[in-house]
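S.K.: I'd like to ask some things about the structure below.
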Amino acid sequence: MRILVIEDELKIAQAIKKGLELKGFAVDAVYDADSGLSYGSDPDYDLIVLDRMLPGSIDGAELCQKLRQNNINTPVIMLTAKGTIGDKVEGLNSGADDYLVKPFSFDELNARVRALLRRPHLTVGTKVKVGNLELDTNNYTVNRAGQEIKLSSKEFSLLEYFMHHPGQVITKDMIINHVWDQDADILPNTIEVYIGYLRNKIDRPFPKEAPLIHTMRGFGYKLEEAKK
Ligand code: CA
C-alpha cells in the first residue's frame, strides 16, 4: 500500500514516513501544497496523510477539496493542530475521511490508516454512489442519472443509511435504530410508508432504469443495482 504524506514540518513528515515504512507501507513525503496537489493527483496512492496548515497559496482543506473536485477519491486523513469543532467540520466537509488532532500518537495514526484502508472505496469525498444514484452528504443533494431528486430530511437520512449498506438486507428494526432517534415512537408501518416515499422518488420516475429498492419479503429491504 502506498501512502503520501503532505506536511511542511520536516521533522513531523519524516517521523510519519519512517513510522509508516516500519509498518510496511511505501511512503512518499512532500512539504508544500503545490507538490501535494500534483503528487496527490496520482490515483495510485492508497491513502494521503494531509496537514491542514500548509504555507503557500492553498491550505490542506483547500487542497483536499481540489483533489475531490478532480475526482481523486484516495482516502485522506487530515492532521489538524486545532481541535475546535469548526475545524473538524471544515476538514471533513472538504472531503477528508478522517482527522487527527496534533499532537497525536503514532499508534493512533497507524490504527486510523489501517481502518481507512479497510473501507470499501465506494465514496468520492462526501459522495456515495449506488448504480447511477448519487448522494452528497455535504450539500444534501441526491441525483439519479444526472437528474436532481428532492427529498425530505427524513427520506434523505433513510436513503443515506441504505447507501452505506448497498446489497445488504436492512430490517425495519435496523432502520428504526439507525434513522430515528431513540425518543421517536416509530411503528413498522411507518417504515413501509417511508420506503414507499423513497420508491416514488428514486425508482418510479426512472422507468427505464432497473429499480434500486428491493423488498425482501419477511426480512426487510435491500438497496442494490440490479445485476444485468
Ligand atoms: Ca503545517
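How things are named: the first chain in the C-alpha cells is A, the next is B, and so on; residues count from 1 in each chain; ligands count from 1 in the order shown.
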Residues of chain A within 7 Å of ligand 1: nearest atom pair and distance (Å, one decimal) for each, counting only C-alpha atoms and all ligand atoms, sorted by chain and number, as JSON lines?
M.R.:
{"residue": "A:Glu7", "atom": "CA", "partner": "ligand 1", "partner_atom_place_in_ligand_line": "1 (Ca)", "distance": 5.6}
{"residue": "A:Asp8", "atom": "CA", "partner": "ligand 1", "partner_atom_place_in_ligand_line": "1 (Ca)", "distance": 5.0}
{"residue": "A:Glu9", "atom": "CA", "partner": "ligand 1", "partner_atom_place_in_ligand_line": "1 (Ca)", "distance": 5.6}
{"residue": "A:Asp51", "atom": "CA", "partner": "ligand 1", "partner_atom_place_in_ligand_line": "1 (Ca)", "distance": 5.6}
{"residue": "A:Arg52", "atom": "CA", "partner": "ligand 1", "partner_atom_place_in_ligand_line": "1 (Ca)", "distance": 6.6}
{"residue": "A:Met53", "atom": "CA", "partner": "ligand 1", "partner_atom_place_in_ligand_line": "1 (Ca)", "distance": 4.3}
{"residue": "A:Leu54", "atom": "CA", "partner": "ligand 1", "partner_atom_place_in_ligand_line": "1 (Ca)", "distance": 4.8}
S.K.: Show which residues sit within 7 Å of segment 159-171 of chain A, as number ranges by chain. Count only C-alpha atoms, and ignore same-chain residues fewer than 6 positions away.
M.R.: A: 128, 130, 219-224
S.K.: Can you tell me, as an MDAnalysis selection string, what residues are no more than 8 Å from Gly91 of chain A when counting only C-alpha atoms, ignoring any on the same chain fewer than 6 positions away?
M.R.: chainID A and resid 52 61 78 99
S.K.: Write a file of the just-selected residues containing C-alpha atoms, as a CSV table (one decimal), in the first residue's frame.
M.R.:
chain,number,residue,atom,x,y,z
A,52,ARG,CA,-4.3,21.1,7.3
A,61,ALA,CA,-8.6,21.8,3.4
A,78,MET,CA,-6.3,15.3,7.9
A,99,TYR,CA,-8.8,13.7,11.0
S.K.: Got a sec: who's within 10 Å of Val142 of chain A, counting only C-alpha atoms, leaving out chain neighbours fewer than 6 positions off, as a PyMOL selection string?
M.R.: chain A and resi 127-129+133-136+148-151+156+159-160+202
S.K.: Can you write just those residues out, N, CA and C atoms, as a PDB file, in the first residue's frame?
M.R.:
ATOM      1  N   LYS A 127     -19.416  12.104  -1.366  1.00  0.00           N
ATOM      2  CA  LYS A 127     -20.456  11.490  -2.190  1.00  0.00           C
ATOM      3  C   LYS A 127     -20.502   9.973  -2.041  1.00  0.00           C
ATOM      4  N   VAL A 128     -21.702   9.426  -2.054  1.00  0.00           N
ATOM      5  CA  VAL A 128     -21.892   7.981  -2.030  1.00  0.00           C
ATOM      6  C   VAL A 128     -22.653   7.606  -3.293  1.00  0.00           C
ATOM      7  N   LYS A 129     -22.259   6.507  -3.913  1.00  0.00           N
ATOM      8  CA  LYS A 129     -22.903   6.115  -5.164  1.00  0.00           C
ATOM      9  C   LYS A 129     -23.360   4.669  -5.132  1.00  0.00           C
ATOM     10  N   LEU A 133     -27.276   6.265  -8.901  1.00  0.00           N
ATOM     11  CA  LEU A 133     -27.843   7.104  -7.848  1.00  0.00           C
ATOM     12  C   LEU A 133     -26.700   7.660  -7.003  1.00  0.00           C
ATOM     13  N   GLU A 134     -26.694   8.975  -6.813  1.00  0.00           N
ATOM     14  CA  GLU A 134     -25.583   9.597  -6.098  1.00  0.00           C
ATOM     15  C   GLU A 134     -26.122  10.505  -4.997  1.00  0.00           C
ATOM     16  N   LEU A 135     -25.550  10.372  -3.830  1.00  0.00           N
ATOM     17  CA  LEU A 135     -25.982  11.180  -2.688  1.00  0.00           C
ATOM     18  C   LEU A 135     -24.771  11.932  -2.152  1.00  0.00           C
ATOM     19  N   ASP A 136     -24.938  13.231  -1.944  1.00  0.00           N
ATOM     20  CA  ASP A 136     -23.842  14.054  -1.441  1.00  0.00           C
ATOM     21  C   ASP A 136     -24.179  14.523  -0.029  1.00  0.00           C
ATOM     22  N   GLU A 148     -31.743  15.761 -10.600  1.00  0.00           N
ATOM     23  CA  GLU A 148     -31.816  16.016  -9.165  1.00  0.00           C
ATOM     24  C   GLU A 148     -33.127  15.495  -8.567  1.00  0.00           C
ATOM     25  N   ILE A 149     -33.039  14.941  -7.366  1.00  0.00           N
ATOM     26  CA  ILE A 149     -34.210  14.398  -6.681  1.00  0.00           C
ATOM     27  C   ILE A 149     -34.365  15.134  -5.360  1.00  0.00           C
ATOM     28  N   LYS A 150     -35.551  15.670  -5.123  1.00  0.00           N
ATOM     29  CA  LYS A 150     -35.787  16.394  -3.873  1.00  0.00           C
ATOM     30  C   LYS A 150     -36.314  15.435  -2.825  1.00  0.00           C
ATOM     31  N   LEU A 151     -35.639  15.389  -1.674  1.00  0.00           N
ATOM     32  CA  LEU A 151     -36.060  14.514  -0.583  1.00  0.00           C
ATOM     33  C   LEU A 151     -36.274  15.338   0.673  1.00  0.00           C
ATOM     34  N   PHE A 156     -33.960  11.610   3.206  1.00  0.00           N
ATOM     35  CA  PHE A 156     -32.527  11.686   2.936  1.00  0.00           C
ATOM     36  C   PHE A 156     -31.754  10.780   3.895  1.00  0.00           C
ATOM     37  N   LEU A 159     -32.302   7.156   2.982  1.00  0.00           N
ATOM     38  CA  LEU A 159     -31.553   6.777   1.787  1.00  0.00           C
ATOM     39  C   LEU A 159     -30.056   6.703   2.085  1.00  0.00           C
ATOM     40  N   GLU A 160     -29.567   7.638   2.882  1.00  0.00           N
ATOM     41  CA  GLU A 160     -28.149   7.644   3.232  1.00  0.00           C
ATOM     42  C   GLU A 160     -27.768   6.338   3.945  1.00  0.00           C
ATOM     43  N   ILE A 202     -37.037   7.792  -6.080  1.00  0.00           N
ATOM     44  CA  ILE A 202     -35.787   7.343  -6.721  1.00  0.00           C
ATOM     45  C   ILE A 202     -35.985   6.231  -7.756  1.00  0.00           C
TER      46      ILE A 202
END
S.K.: Give the helix (DSSP H, G or I) residues of segment 95-223 of chain A, as DSSP finds them on the backbone, and put them as a CSV table (one decimal) with all heavy atoms, in the first residue's frame.
M.R.:
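Just written: out11.csv:
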chain,number,residue,atom,x,y,z
A,106,PHE,N,1.7,8.0,17.3
A,106,PHE,CA,1.9,7.3,16.0
A,106,PHE,C,1.0,6.1,16.0
A,106,PHE,O,0.4,5.8,14.9
A,106,PHE,CB,3.4,6.9,15.8
A,106,PHE,CG,3.5,6.2,14.5
A,106,PHE,CD1,3.5,6.9,13.3
A,106,PHE,CD2,3.5,4.8,14.5
A,106,PHE,CE1,3.5,6.2,12.1
A,106,PHE,CE2,3.6,4.1,13.2
A,106,PHE,CZ,3.6,4.8,12.1
A,107,ASP,N,0.8,5.4,17.1
A,107,ASP,CA,0.0,4.2,17.1
A,107,ASP,C,-1.5,4.6,16.7
A,107,ASP,O,-2.1,3.8,16.0
A,107,ASP,CB,-0.1,3.6,18.5
A,107,ASP,CG,1.2,2.9,18.8
A,107,ASP,OD1,2.0,2.6,17.9
A,107,ASP,OD2,1.5,2.6,20.0
A,108,GLU,N,-1.9,5.7,17.1
A,108,GLU,CA,-3.3,6.1,16.7
A,108,GLU,C,-3.3,6.4,15.2
A,108,GLU,O,-4.3,6.0,14.5
A,108,GLU,CB,-3.8,7.3,17.5
A,108,GLU,CG,-5.2,7.6,17.1
A,108,GLU,CD,-5.9,8.7,17.9
A,108,GLU,OE1,-5.2,9.4,18.7
A,108,GLU,OE2,-7.1,8.9,17.7
A,109,LEU,N,-2.3,7.1,14.7
A,109,LEU,CA,-2.3,7.3,13.2
A,109,LEU,C,-2.3,6.0,12.5
A,109,LEU,O,-3.1,5.8,11.6
A,109,LEU,CB,-1.1,8.2,12.9
A,109,LEU,CG,-0.8,8.3,11.4
A,109,LEU,CD1,-2.0,9.2,10.8
A,109,LEU,CD2,0.5,9.0,11.1
A,110,ASN,N,-1.5,5.1,12.9
A,110,ASN,CA,-1.4,3.8,12.3
A,110,ASN,C,-2.7,3.1,12.3
A,110,ASN,O,-3.2,2.5,11.3
A,110,ASN,CB,-0.3,3.0,12.9
A,110,ASN,CG,-0.1,1.7,12.2
A,110,ASN,OD1,0.0,1.6,11.0
A,110,ASN,ND2,0.0,0.6,12.9
A,111,ALA,N,-3.4,3.1,13.4
A,111,ALA,CA,-4.7,2.5,13.6
A,111,ALA,C,-5.7,3.1,12.6
A,111,ALA,O,-6.5,2.4,12.0
A,111,ALA,CB,-5.2,2.5,15.0
A,112,ARG,N,-5.7,4.4,12.5
A,112,ARG,CA,-6.7,5.1,11.6
A,112,ARG,C,-6.3,4.8,10.2
A,112,ARG,O,-7.3,4.7,9.3
A,112,ARG,CB,-6.7,6.6,11.9
A,112,ARG,CG,-7.4,6.9,13.2
A,112,ARG,CD,-7.3,8.3,13.5
A,112,ARG,NE,-7.9,8.5,14.9
A,112,ARG,CZ,-9.1,9.0,15.1
A,112,ARG,NH1,-9.8,9.4,14.1
A,112,ARG,NH2,-9.5,9.2,16.3
A,113,VAL,N,-5.1,4.7,9.8
A,113,VAL,CA,-4.7,4.4,8.5
A,113,VAL,C,-5.2,3.0,8.1
A,113,VAL,O,-5.9,2.8,7.1
A,113,VAL,CB,-3.1,4.4,8.3
A,113,VAL,CG1,-2.7,3.7,7.0
A,113,VAL,CG2,-2.6,5.9,8.3
A,114,ARG,N,-5.0,2.1,9.0
A,114,ARG,CA,-5.5,0.7,8.8
A,114,ARG,C,-7.0,0.7,8.6
A,114,ARG,O,-7.5,0.0,7.8
A,114,ARG,CB,-5.1,-0.2,10.0
A,114,ARG,CG,-3.6,-0.5,10.1
A,114,ARG,CD,-3.2,-1.4,9.0
A,114,ARG,NE,-1.7,-1.6,9.1
A,114,ARG,CZ,-1.1,-2.2,8.1
A,114,ARG,NH1,-1.7,-2.5,7.0
A,114,ARG,NH2,0.2,-2.3,8.1
A,115,ALA,N,-7.7,1.4,9.5
A,115,ALA,CA,-9.1,1.4,9.5
A,115,ALA,C,-9.7,2.0,8.2
A,115,ALA,O,-10.6,1.4,7.5
A,115,ALA,CB,-9.7,2.2,10.7
A,116,LEU,N,-9.0,3.0,7.7
A,116,LEU,CA,-9.5,3.7,6.4
A,116,LEU,C,-9.2,2.7,5.3
A,116,LEU,O,-10.0,2.7,4.3
A,116,LEU,CB,-8.7,5.0,6.2
A,116,LEU,CG,-9.4,6.2,6.6
A,116,LEU,CD1,-8.6,7.4,6.1
A,116,LEU,CD2,-10.9,6.3,6.1
A,117,LEU,N,-8.1,2.0,5.3
A,117,LEU,CA,-7.7,1.2,4.2
A,117,LEU,C,-8.6,0.0,4.1
A,117,LEU,O,-8.8,-0.7,3.1
A,117,LEU,CB,-6.3,0.7,4.3
A,117,LEU,CG,-5.2,1.8,4.0
A,117,LEU,CD1,-3.8,1.3,4.3
A,117,LEU,CD2,-5.4,2.3,2.6
A,118,ARG,N,-9.3,-0.3,5.2
A,118,ARG,CA,-10.3,-1.5,5.2
A,118,ARG,C,-11.6,-1.1,4.6
A,118,ARG,O,-12.4,-1.9,4.2
A,118,ARG,CB,-10.5,-1.9,6.7
A,118,ARG,CG,-9.5,-2.9,7.2
A,118,ARG,CD,-10.0,-3.6,8.4
A,118,ARG,NE,-10.3,-2.6,9.5
A,118,ARG,CZ,-9.5,-2.2,10.4
A,118,ARG,NH1,-8.3,-2.7,10.5
A,118,ARG,NH2,-9.9,-1.4,11.4
A,153,SER,N,-35.8,15.7,4.8
A,153,SER,CA,-34.6,15.3,5.6
A,153,SER,C,-34.7,13.9,6.1
A,153,SER,O,-33.7,13.2,6.1
A,153,SER,CB,-34.4,16.3,6.7
A,153,SER,OG,-35.4,16.2,7.7
A,154,LYS,N,-35.9,13.4,6.4
A,154,LYS,CA,-36.0,12.0,6.9
A,154,LYS,C,-35.8,11.0,5.7
A,154,LYS,O,-35.1,10.0,5.9
A,154,LYS,CB,-37.4,11.8,7.4
A,154,LYS,CG,-37.5,10.8,8.6
A,154,LYS,CD,-36.6,11.3,9.7
A,154,LYS,CE,-36.3,10.4,10.8
A,154,LYS,NZ,-35.3,10.9,11.7
A,155,GLU,N,-36.3,11.3,4.6
A,155,GLU,CA,-36.1,10.5,3.4
A,155,GLU,C,-34.6,10.4,3.1
A,155,GLU,O,-34.1,9.4,2.7
A,155,GLU,CB,-36.9,11.0,2.2
A,155,GLU,CG,-38.4,10.9,2.3
A,155,GLU,CD,-39.2,11.8,1.4
A,155,GLU,OE1,-38.5,12.6,0.6
A,155,GLU,OE2,-40.4,11.7,1.4
A,156,PHE,N,-34.0,11.6,3.2
A,156,PHE,CA,-32.5,11.7,2.9
A,156,PHE,C,-31.8,10.8,3.9
A,156,PHE,O,-30.9,10.0,3.5
A,156,PHE,CB,-32.0,13.1,3.0
A,156,PHE,CG,-30.6,13.3,2.7
A,156,PHE,CD1,-30.3,13.6,1.3
A,156,PHE,CD2,-29.6,13.2,3.6
A,156,PHE,CE1,-28.9,13.8,1.0
A,156,PHE,CE2,-28.2,13.4,3.2
A,156,PHE,CZ,-27.9,13.7,1.9
A,157,SER,N,-32.1,10.9,5.2
A,157,SER,CA,-31.4,10.0,6.2
A,157,SER,C,-31.6,8.6,5.9
A,157,SER,O,-30.7,7.8,6.0
A,157,SER,CB,-31.9,10.3,7.6
A,157,SER,OG,-31.9,11.7,7.9
A,158,LEU,N,-32.8,8.2,5.5
A,158,LEU,CA,-33.1,6.8,5.2
A,158,LEU,C,-32.3,6.3,4.0
A,158,LEU,O,-31.7,5.3,4.1
A,158,LEU,CB,-34.6,6.7,5.0
A,158,LEU,CG,-35.2,5.3,4.6
A,158,LEU,CD1,-34.9,4.3,5.8
A,158,LEU,CD2,-36.7,5.4,4.4
A,159,LEU,N,-32.3,7.2,3.0
A,159,LEU,CA,-31.6,6.8,1.8
A,159,LEU,C,-30.1,6.7,2.1
A,159,LEU,O,-29.4,5.8,1.6
A,159,LEU,CB,-31.8,7.8,0.7
A,159,LEU,CG,-31.1,7.5,-0.7
A,159,LEU,CD1,-31.6,6.1,-1.2
A,159,LEU,CD2,-31.4,8.5,-1.7
A,160,GLU,N,-29.6,7.6,2.9
A,160,GLU,CA,-28.1,7.6,3.2
A,160,GLU,C,-27.8,6.3,3.9
A,160,GLU,O,-26.7,5.7,3.7
A,160,GLU,CB,-27.8,8.8,4.1
A,160,GLU,CG,-26.4,9.0,4.4
A,160,GLU,CD,-26.0,10.2,5.3
A,160,GLU,OE1,-27.0,10.7,5.9
A,160,GLU,OE2,-24.8,10.5,5.4
A,161,TYR,N,-28.6,5.9,4.8
A,161,TYR,CA,-28.4,4.7,5.6
A,161,TYR,C,-28.3,3.5,4.6
A,161,TYR,O,-27.4,2.7,4.6
A,161,TYR,CB,-29.5,4.4,6.6
A,161,TYR,CG,-29.2,3.2,7.4
A,161,TYR,CD1,-28.1,3.1,8.2
A,161,TYR,CD2,-30.1,2.1,7.4
A,161,TYR,CE1,-27.9,1.9,9.0
A,161,TYR,CE2,-29.9,1.0,8.1
A,161,TYR,CZ,-28.8,0.9,8.9
A,161,TYR,OH,-28.5,-0.3,9.6
A,162,PHE,N,-29.3,3.4,3.7
A,162,PHE,CA,-29.3,2.3,2.7
A,162,PHE,C,-28.0,2.4,1.8
A,162,PHE,O,-27.4,1.4,1.5
A,162,PHE,CB,-30.5,2.5,1.8
A,162,PHE,CG,-31.7,1.7,2.2
A,162,PHE,CD1,-32.8,2.4,2.8
A,162,PHE,CD2,-31.7,0.3,2.1
A,162,PHE,CE1,-33.9,1.7,3.3
A,162,PHE,CE2,-32.8,-0.4,2.6
A,162,PHE,CZ,-33.9,0.3,3.2
A,163,MET,N,-27.6,3.6,1.4
A,163,MET,CA,-26.5,3.7,0.5
A,163,MET,C,-25.2,3.4,1.2
A,163,MET,O,-24.2,3.1,0.5
A,163,MET,CB,-26.5,5.1,-0.1
A,163,MET,CG,-27.6,5.3,-1.0
A,163,MET,SD,-27.6,6.8,-2.0
A,163,MET,CE,-26.3,6.4,-3.3
A,172,LYS,N,-36.5,-3.7,9.3
A,172,LYS,CA,-37.2,-2.5,9.8
A,172,LYS,C,-36.6,-2.0,11.1
A,172,LYS,O,-36.5,-0.8,11.4
A,172,LYS,CB,-38.7,-2.8,9.9
A,172,LYS,CG,-39.4,-2.8,8.6
A,172,LYS,CD,-40.9,-3.2,8.8
A,172,LYS,CE,-41.6,-3.4,7.5
A,172,LYS,NZ,-42.9,-3.9,7.6
A,173,ASP,N,-36.2,-3.0,11.9
A,173,ASP,CA,-35.6,-2.6,13.2
A,173,ASP,C,-34.3,-1.9,13.0
A,173,ASP,O,-34.0,-0.9,13.7
A,173,ASP,CB,-35.3,-3.9,14.0
A,173,ASP,CG,-36.5,-4.4,14.8
A,173,ASP,OD1,-37.4,-3.6,14.9
A,173,ASP,OD2,-36.5,-5.5,15.4
A,174,MET,N,-33.5,-2.3,12.0
A,174,MET,CA,-32.3,-1.6,11.8
A,174,MET,C,-32.6,-0.1,11.4
A,174,MET,O,-31.9,0.8,11.8
A,174,MET,CB,-31.5,-2.3,10.7
A,174,MET,CG,-30.8,-3.6,11.1
A,174,MET,SD,-30.4,-4.6,9.6
A,174,MET,CE,-28.8,-3.8,9.2
A,175,ILE,N,-33.6,0.0,10.5
A,175,ILE,CA,-33.9,1.4,10.1
A,175,ILE,C,-34.4,2.2,11.3
A,175,ILE,O,-34.0,3.3,11.5
A,175,ILE,CB,-35.0,1.3,9.0
A,175,ILE,CG1,-34.5,0.6,7.7
A,175,ILE,CG2,-35.6,2.7,8.7
A,175,ILE,CD1,-35.5,0.3,6.7
A,176,ILE,N,-35.3,1.6,12.1
A,176,ILE,CA,-35.7,2.4,13.3
A,176,ILE,C,-34.6,2.8,14.2
A,176,ILE,O,-34.5,3.9,14.6
A,176,ILE,CB,-36.8,1.5,14.1
A,176,ILE,CG1,-38.1,1.3,13.2
A,176,ILE,CG2,-37.1,2.1,15.4
A,176,ILE,CD1,-39.1,0.4,13.8
A,177,ASN,N,-33.6,1.9,14.3
A,177,ASN,CA,-32.5,2.2,15.2
A,177,ASN,C,-31.4,3.1,14.6
A,177,ASN,O,-30.7,3.8,15.4
A,177,ASN,CB,-31.8,0.9,15.6
A,177,ASN,CG,-32.6,0.0,16.5
A,177,ASN,OD1,-33.5,0.5,17.2
A,177,ASN,ND2,-32.4,-1.3,16.5
A,178,HIS,N,-31.3,3.2,13.3
A,178,HIS,CA,-30.3,4.0,12.7
A,178,HIS,C,-30.8,5.3,12.2
A,178,HIS,O,-30.0,6.2,12.0
A,178,HIS,CB,-29.5,3.2,11.6
A,178,HIS,CG,-28.7,2.1,12.2
A,178,HIS,ND1,-27.3,2.4,12.5
A,178,HIS,CD2,-28.9,0.9,12.5
A,178,HIS,CE1,-26.8,1.3,13.0
A,178,HIS,NE2,-27.7,0.3,13.0
A,179,VAL,N,-32.0,5.4,11.8
A,179,VAL,CA,-32.5,6.6,11.1
A,179,VAL,C,-33.4,7.5,12.1
A,179,VAL,O,-33.4,8.7,11.9
A,179,VAL,CB,-33.3,6.2,9.9
A,179,VAL,CG1,-33.9,7.4,9.1
A,179,VAL,CG2,-32.5,5.3,9.0
A,188,PRO,N,-43.5,-0.2,12.7
A,188,PRO,CA,-43.0,-0.7,11.5
A,188,PRO,C,-43.8,-0.2,10.3
A,188,PRO,O,-43.2,-0.1,9.2
A,188,PRO,CB,-43.3,-2.2,11.7
A,188,PRO,CG,-43.1,-2.4,13.2
A,188,PRO,CD,-43.7,-1.2,13.8
A,189,ASN,N,-45.1,0.1,10.4
A,189,ASN,CA,-45.9,0.6,9.3
A,189,ASN,C,-45.3,1.9,8.8
A,189,ASN,O,-45.4,2.2,7.6
A,189,ASN,CB,-47.3,0.8,9.7
A,189,ASN,CG,-48.1,-0.5,9.8
A,189,ASN,OD1,-47.6,-1.5,9.4
A,189,ASN,ND2,-49.3,-0.4,10.3
A,190,THR,N,-44.8,2.7,9.7
A,190,THR,CA,-44.2,4.0,9.3
A,190,THR,C,-43.1,3.8,8.3
A,190,THR,O,-42.9,4.5,7.4
A,190,THR,CB,-43.8,4.8,10.5
A,190,THR,OG1,-44.8,4.7,11.5
A,190,THR,CG2,-43.4,6.2,10.2
A,191,ILE,N,-42.3,2.7,8.6
A,191,ILE,CA,-41.1,2.4,7.8
A,191,ILE,C,-41.7,2.1,6.4
A,191,ILE,O,-41.1,2.6,5.4
A,191,ILE,CB,-40.3,1.2,8.3
A,191,ILE,CG1,-39.9,1.5,9.7
A,191,ILE,CG2,-39.1,0.9,7.4
A,191,ILE,CD1,-39.0,2.7,10.0
A,192,GLU,N,-42.7,1.3,6.3
A,192,GLU,CA,-43.3,1.0,5.0
A,192,GLU,C,-43.7,2.2,4.2
A,192,GLU,O,-43.5,2.3,3.0
A,192,GLU,CB,-44.5,0.0,5.1
A,192,GLU,CG,-44.1,-1.4,5.4
A,192,GLU,CD,-45.2,-2.2,6.0
A,192,GLU,OE1,-46.4,-2.0,5.6
A,192,GLU,OE2,-44.9,-3.1,6.8
A,193,VAL,N,-44.3,3.1,4.9
A,193,VAL,CA,-44.7,4.4,4.3
A,193,VAL,C,-43.5,5.1,3.8
A,193,VAL,O,-43.5,5.6,2.6
A,193,VAL,CB,-45.5,5.3,5.4
A,193,VAL,CG1,-45.7,6.7,4.8
A,193,VAL,CG2,-46.8,4.6,5.7
A,194,TYR,N,-42.4,5.2,4.6
A,194,TYR,CA,-41.2,6.0,4.1
A,194,TYR,C,-40.6,5.3,2.9
A,194,TYR,O,-40.0,5.9,2.0
A,194,TYR,CB,-40.3,6.2,5.3
A,194,TYR,CG,-40.6,7.5,6.0
A,194,TYR,CD1,-41.4,7.5,7.1
A,194,TYR,CD2,-40.0,8.7,5.6
A,194,TYR,CE1,-41.7,8.7,7.7
A,194,TYR,CE2,-40.3,9.9,6.2
A,194,TYR,CZ,-41.2,9.8,7.3
A,194,TYR,OH,-41.5,11.0,7.9
A,195,ILE,N,-40.5,3.9,3.0
A,195,ILE,CA,-40.0,3.2,1.8
A,195,ILE,C,-40.8,3.5,0.6
A,195,ILE,O,-40.2,3.7,-0.5
A,195,ILE,CB,-40.0,1.7,2.1
A,195,ILE,CG1,-39.0,1.3,3.3
A,195,ILE,CG2,-39.6,0.9,0.8
A,195,ILE,CD1,-37.6,1.4,3.0
A,196,GLY,N,-42.1,3.6,0.7
A,196,GLY,CA,-42.9,4.0,-0.4
A,196,GLY,C,-42.6,5.4,-0.9
A,196,GLY,O,-42.5,5.6,-2.1
A,197,TYR,N,-42.4,6.3,0.0
A,197,TYR,CA,-42.0,7.7,-0.4
A,197,TYR,C,-40.7,7.6,-1.3
A,197,TYR,O,-40.6,8.3,-2.3
A,197,TYR,CB,-41.7,8.6,0.8
A,197,TYR,CG,-42.9,9.0,1.6
A,197,TYR,CD1,-42.7,9.3,2.9
A,197,TYR,CD2,-44.2,8.9,1.1
A,197,TYR,CE1,-43.8,9.7,3.8
A,197,TYR,CE2,-45.3,9.3,1.9
A,197,TYR,CZ,-45.1,9.6,3.2
A,197,TYR,OH,-46.1,10.0,4.0
A,198,LEU,N,-39.7,6.9,-0.7
A,198,LEU,CA,-38.4,6.8,-1.4
A,198,LEU,C,-38.6,6.2,-2.8
A,198,LEU,O,-38.0,6.7,-3.8
A,198,LEU,CB,-37.4,6.0,-0.6
A,198,LEU,CG,-36.5,6.7,0.3
A,198,LEU,CD1,-35.4,5.7,0.8
A,198,LEU,CD2,-35.8,7.9,-0.3
A,199,ARG,N,-39.4,5.1,-2.9
A,199,ARG,CA,-39.6,4.5,-4.2
A,199,ARG,C,-40.2,5.4,-5.2
A,199,ARG,O,-39.8,5.5,-6.3
A,199,ARG,CB,-40.5,3.3,-4.0
A,199,ARG,CG,-39.9,2.1,-3.5
A,199,ARG,CD,-40.7,0.8,-3.8
A,199,ARG,NE,-39.9,-0.4,-3.7
A,199,ARG,CZ,-40.1,-1.3,-2.8
A,199,ARG,NH1,-41.2,-1.2,-1.9
A,199,ARG,NH2,-39.3,-2.4,-2.7
A,200,ASN,N,-41.1,6.2,-4.7
A,200,ASN,CA,-41.8,7.2,-5.6
A,200,ASN,C,-40.8,8.3,-6.1
A,200,ASN,O,-41.1,8.9,-7.1
A,200,ASN,CB,-42.9,7.9,-4.8
A,200,ASN,CG,-44.1,7.0,-4.7
A,200,ASN,OD1,-44.3,6.1,-5.4
A,200,ASN,ND2,-45.0,7.3,-3.7
A,201,LYS,N,-39.7,8.4,-5.4
A,201,LYS,CA,-38.8,9.5,-5.8
A,201,LYS,C,-37.5,8.9,-6.5
A,201,LYS,O,-37.0,9.6,-7.4
A,201,LYS,CB,-38.4,10.3,-4.6
A,201,LYS,CG,-39.5,11.1,-4.1
A,201,LYS,CD,-39.1,12.0,-2.9
A,201,LYS,CE,-40.3,12.9,-2.5
A,201,LYS,NZ,-40.0,13.8,-1.4
A,202,ILE,N,-37.0,7.8,-6.1
A,202,ILE,CA,-35.8,7.3,-6.7
A,202,ILE,C,-36.0,6.2,-7.8
A,202,ILE,O,-35.1,6.0,-8.6
A,202,ILE,CB,-34.7,6.9,-5.7
A,202,ILE,CG1,-35.1,5.6,-5.0
A,202,ILE,CG2,-34.4,8.0,-4.7
A,202,ILE,CD1,-33.8,5.0,-4.3
S.K.: For the interface of segment 13-106 of chain A with segment 1-6 of chain A (cut-off 7 Å, counting only C-alpha atoms), please tabulate each contacting residue of segment 13-106 of chain A alongside its nearest pair of atoms and their separation in Å to one decimal, rows sorted by chain and increasing number, as CSV.
M.R.:
residue,atom,partner,partner_atom,distance
A:Ala13,CA,A:Val5,CA,6.7
A:Phe25,CA,A:Met1,CA,5.5
A:Ala26,CA,A:Arg2,CA,4.7
A:Val27,CA,A:Ile3,CA,4.8
A:Asp28,CA,A:Leu4,CA,4.9
A:Ala29,CA,A:Val5,CA,4.5
A:Val30,CA,A:Ile6,CA,5.1
A:Tyr31,CA,A:Ile6,CA,5.8
A:Asp32,CA,A:Ile6,CA,6.9
A:Gly36,CA,A:Ile6,CA,5.7
A:Tyr45,CA,A:Arg2,CA,5.1
A:Asp46,CA,A:Arg2,CA,5.3
A:Leu47,CA,A:Ile3,CA,5.0
A:Ile48,CA,A:Leu4,CA,4.7
A:Val49,CA,A:Val5,CA,4.8
A:Leu50,CA,A:Ile6,CA,4.9
A:Asp51,CA,A:Ile6,CA,6.1
S.K.: Measuring atom to atom with only C-alpha atoms, identify which of A:Ser94, A:Gln147, A:Ser152, A:Thr137 is nearest to Lys66 of chain A.
M.R.: A:Ser94
S.K.: Got a sec: who's within 12 Å of Ser41 of chain A, counting only C-alpha atoms, leaving out chain neighbours fewer than 3 positions off, as a VMD selection string?
M.R.: chain A and resid 4 33 to 38 44 to 48 63 to 74
S.K.: Work out how far atom CA of Ile77 of chain A is from atom CA of Arg144 of chain A, in Å to one decimal.
M.R.: 29.3 Å
S.K.: Enumerate the residues of segment 144-215 of chain A with a DSSP assignment of strand (DSSP E), computed from the backbone, and present them as a list in words.
M.R.: Arg144, Gln147, Glu148, Ile149, Ile213, His214 and Thr215 of chain A
S.K.: Could you tell me how far atom CA of Pro75 of chain A sits from atom CA of Pro103 of chain A, in Å to one decimal place?
M.R.: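 Interatomic distance, atom CA of Pro103 of chain A to atom CA of Pro75 of chain A: 21.0 Å.
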